[in-house]
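Trainee: The structure that follows is given in the form of structure tokens.
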Amino acid sequence: MTFASQAAPPPKLAAPPSEPVHAHATAAVHAPSPGATATLIHDLRELFKVKVVGLVLVTGWGGYYLGSLQSGISSMQRGLLDALLGIGLVSAGAGALNQALERTTDARMKRTADRPLASGRFSLATGIAFGMGALALGSLWLLARTNLLTVSLALLTAFTYVAVYTPLKRVTSLATFIGAFPGAMGPMLGWTAARPHIEWPAVALFAILFVWQFPHFMSIAWLYREDYARAGIRMLPVVQPDGLSTVVEALFYAVLMIPVSLAPWRLGMAGASYAAIATVLGLVYLAYTIRFARILRARTEDESRMLARDLLKVSVLYLPLLFTTLMICAKG
């Protein structure tokens, strides 16, 4: 039986005059979408690369704390918050501008295609406005609350990341080396915010971040090498897909990580307990990097990805553990 052949339903009674029919309709039209706010918050988190900013703030906190100890400062909470707010805003602004430049390549990669600029949820003008706004606000805040050296280093870091590293990724695999410089500036910025001088202990903290990045980057590059190739980004596993150069670079820096992580002990920033724990952590990091080398003879893609993912997880744990140990064992 078709619906057309059914008997027509009885007519509905009109609603009583007192029932606010139009009020319900208006409320339905003007009620915000339940997920609109959540989507906006998610998009802003992605635009400003909140996870990356979090890592910068953790290392910046370490640099400020250790610099304050060298100055004999006993109360540092207000200055610390001022420094971290400015550093965080500059880092967030640089992340947004990076996405503005990479919106086309991001759209070609599965892991980044849903970013707000790549997906079109934010316009290019919106991304640039948010990025420049955060960058300007953070710079002015640092200028007012810290010192000119910290502002200069923060702006140099943002410039190198956005204007040098970002476009260079499509030209040469050496972009990873260039990008490690702005990536290592977090503790240096924290240190200069506490002590307006570039000193050897601050350089040691910078070196730790610089060297740490390479096994970390190589695991990411191998894990997402197909994505990078699709987007035309010349990461080392894309340029040399056999994986040998990727493994050699990761192993070189993992070995170097052990003596570099001991530099704070050699400079008198921390005692023997830090040296012992740092050595153990470095050996664990090296062991997982050696294990990562098995990608050269992995029998399946799943096995290869598992090895890269395990190194990535260990690298993410290693850095905060090392900095926490250094802060606990630090000497004034």
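How things are named: the first chain in the structure tokens is A, the next is B, and so on; residues count from 1 in each chain; ligands count from 1 in the order shown.
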From a DSSP calculation on the backbone, collect every residue of region 43-122 of chain A in helix (DSSP H, G or I) and output the set as a ChimeraX atom specification.

Mentor: /A:43-47,50-71,77-101,103-108,116-119

Trainee: With only C-alpha atoms as the counted atoms, please give the residues lying no more than 10 Å from region 229-241 of chain A, apart from itself and same-chain residues fewer than 4 positions off, as a PyMOL selection string.

Mentor: chain A and resi 102+104-110+166-176+217-225+245-247+249

Trainee: What does the file look like for those residues with N, CA and C atoms, as a short mmCIF file (atom, residue, chain, number, x, y, z; two decimals), in the first residue's frame?

Mentor:
data_model
loop_
_atom_site.label_atom_id
_atom_site.label_comp_id
_atom_site.auth_asym_id
_atom_site.auth_seq_id
_atom_site.Cartn_x
_atom_site.Cartn_y
_atom_site.Cartn_z
N GLU A 102 51.78 27.54 5.69
CA GLU A 102 51.74 26.13 5.31
C GLU A 102 50.33 25.59 5.09
N THR A 104 48.49 25.32 2.52
CA THR A 104 48.34 24.47 1.33
C THR A 104 48.96 23.10 1.56
N THR A 105 50.18 23.06 2.09
CA THR A 105 50.83 21.78 2.35
C THR A 105 50.14 21.03 3.48
N ASP A 106 49.64 21.75 4.47
CA ASP A 106 48.90 21.09 5.56
C ASP A 106 47.67 20.38 5.02
N ALA A 107 47.02 20.99 4.02
CA ALA A 107 45.80 20.39 3.46
C ALA A 107 46.09 19.07 2.75
N ARG A 108 47.33 18.84 2.34
CA ARG A 108 47.68 17.62 1.62
C ARG A 108 48.06 16.47 2.55
N MET A 109 48.25 16.77 3.84
CA MET A 109 48.69 15.74 4.77
C MET A 109 47.55 15.32 5.70
N LYS A 110 47.40 14.04 5.91
CA LYS A 110 46.32 13.53 6.74
C LYS A 110 46.39 14.07 8.16
N THR A 166 60.26 27.60 7.98
CA THR A 166 59.02 27.17 7.33
C THR A 166 59.14 27.06 5.81
N PRO A 167 59.59 28.09 5.10
CA PRO A 167 59.71 27.93 3.63
C PRO A 167 60.84 26.98 3.23
N LEU A 168 61.86 26.84 4.08
CA LEU A 168 63.00 26.00 3.74
C LEU A 168 62.64 24.52 3.74
N LYS A 169 61.57 24.15 4.43
CA LYS A 169 61.17 22.74 4.50
C LYS A 169 60.84 22.16 3.14
N ARG A 170 60.45 23.00 2.20
CA ARG A 170 60.11 22.52 0.85
C ARG A 170 61.31 22.57 -0.09
N VAL A 171 62.47 22.97 0.44
CA VAL A 171 63.65 23.13 -0.39
C VAL A 171 64.73 22.11 -0.07
N THR A 172 64.99 21.88 1.23
CA THR A 172 66.09 21.02 1.62
C THR A 172 65.81 20.34 2.96
N SER A 173 66.39 19.16 3.13
CA SER A 173 66.25 18.44 4.40
C SER A 173 67.06 19.10 5.51
N LEU A 174 67.95 20.03 5.16
CA LEU A 174 68.71 20.78 6.17
C LEU A 174 67.81 21.71 6.98
N ALA A 175 66.58 21.87 6.54
CA ALA A 175 65.63 22.70 7.30
C ALA A 175 65.45 22.18 8.72
N THR A 176 65.57 20.87 8.90
CA THR A 176 65.44 20.31 10.25
C THR A 176 66.53 20.86 11.17
N PHE A 217 62.72 14.36 16.12
CA PHE A 217 62.29 14.74 14.76
C PHE A 217 62.36 13.56 13.80
N MET A 218 63.44 12.76 13.91
CA MET A 218 63.60 11.64 12.99
C MET A 218 62.48 10.61 13.16
N SER A 219 62.05 10.38 14.39
CA SER A 219 60.95 9.44 14.61
C SER A 219 59.66 9.96 13.99
N ILE A 220 59.40 11.26 14.13
CA ILE A 220 58.21 11.86 13.52
C ILE A 220 58.31 11.80 11.99
N ALA A 221 59.48 12.16 11.48
CA ALA A 221 59.67 12.20 10.02
C ALA A 221 59.48 10.81 9.41
N TRP A 222 59.97 9.77 10.09
CA TRP A 222 59.80 8.42 9.56
C TRP A 222 58.34 7.97 9.67
N LEU A 223 57.71 8.31 10.77
CA LEU A 223 56.34 7.90 11.02
C LEU A 223 55.39 8.49 9.98
N TYR A 224 55.65 9.73 9.58
CA TYR A 224 54.74 10.43 8.66
C TYR A 224 55.43 10.74 7.32
N ARG A 225 56.36 9.90 6.91
CA ARG A 225 57.13 10.18 5.70
C ARG A 225 56.25 10.23 4.45
N SER A 245 70.13 7.16 6.40
CA SER A 245 70.52 8.50 6.88
C SER A 245 69.69 8.91 8.08
N THR A 246 68.42 8.55 8.10
CA THR A 246 67.55 8.85 9.23
C THR A 246 68.07 8.19 10.50
N VAL A 247 68.44 6.92 10.40
CA VAL A 247 68.95 6.18 11.55
C VAL A 247 70.29 6.74 12.02
N GLU A 249 71.55 9.76 11.66
CA GLU A 249 71.39 11.07 12.31
C GLU A 249 70.78 10.93 13.70
#

Trainee: Show which residues sit within 12 Å of region 253-257 of chain A, as an NGL selection string. Count only C-alpha atoms, and ignore same-chain residues fewer than 6 positions away.

Mentor: :A and (177 or 204-205 or 207-218 or 246-247 or 263 or 278-293 or 311 or 314-315 or 318-319 or 322)

Trainee: Let me make sure I understand: among A:Ala144, A:Ala113, A:Glu301, A:Ala330, which one has the smallest atom-to-atom distance to Asp227 (chain A) if we use only C-alpha atoms?

Mentor: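 So, comparing all the options, the nearest one is A:Ala113.
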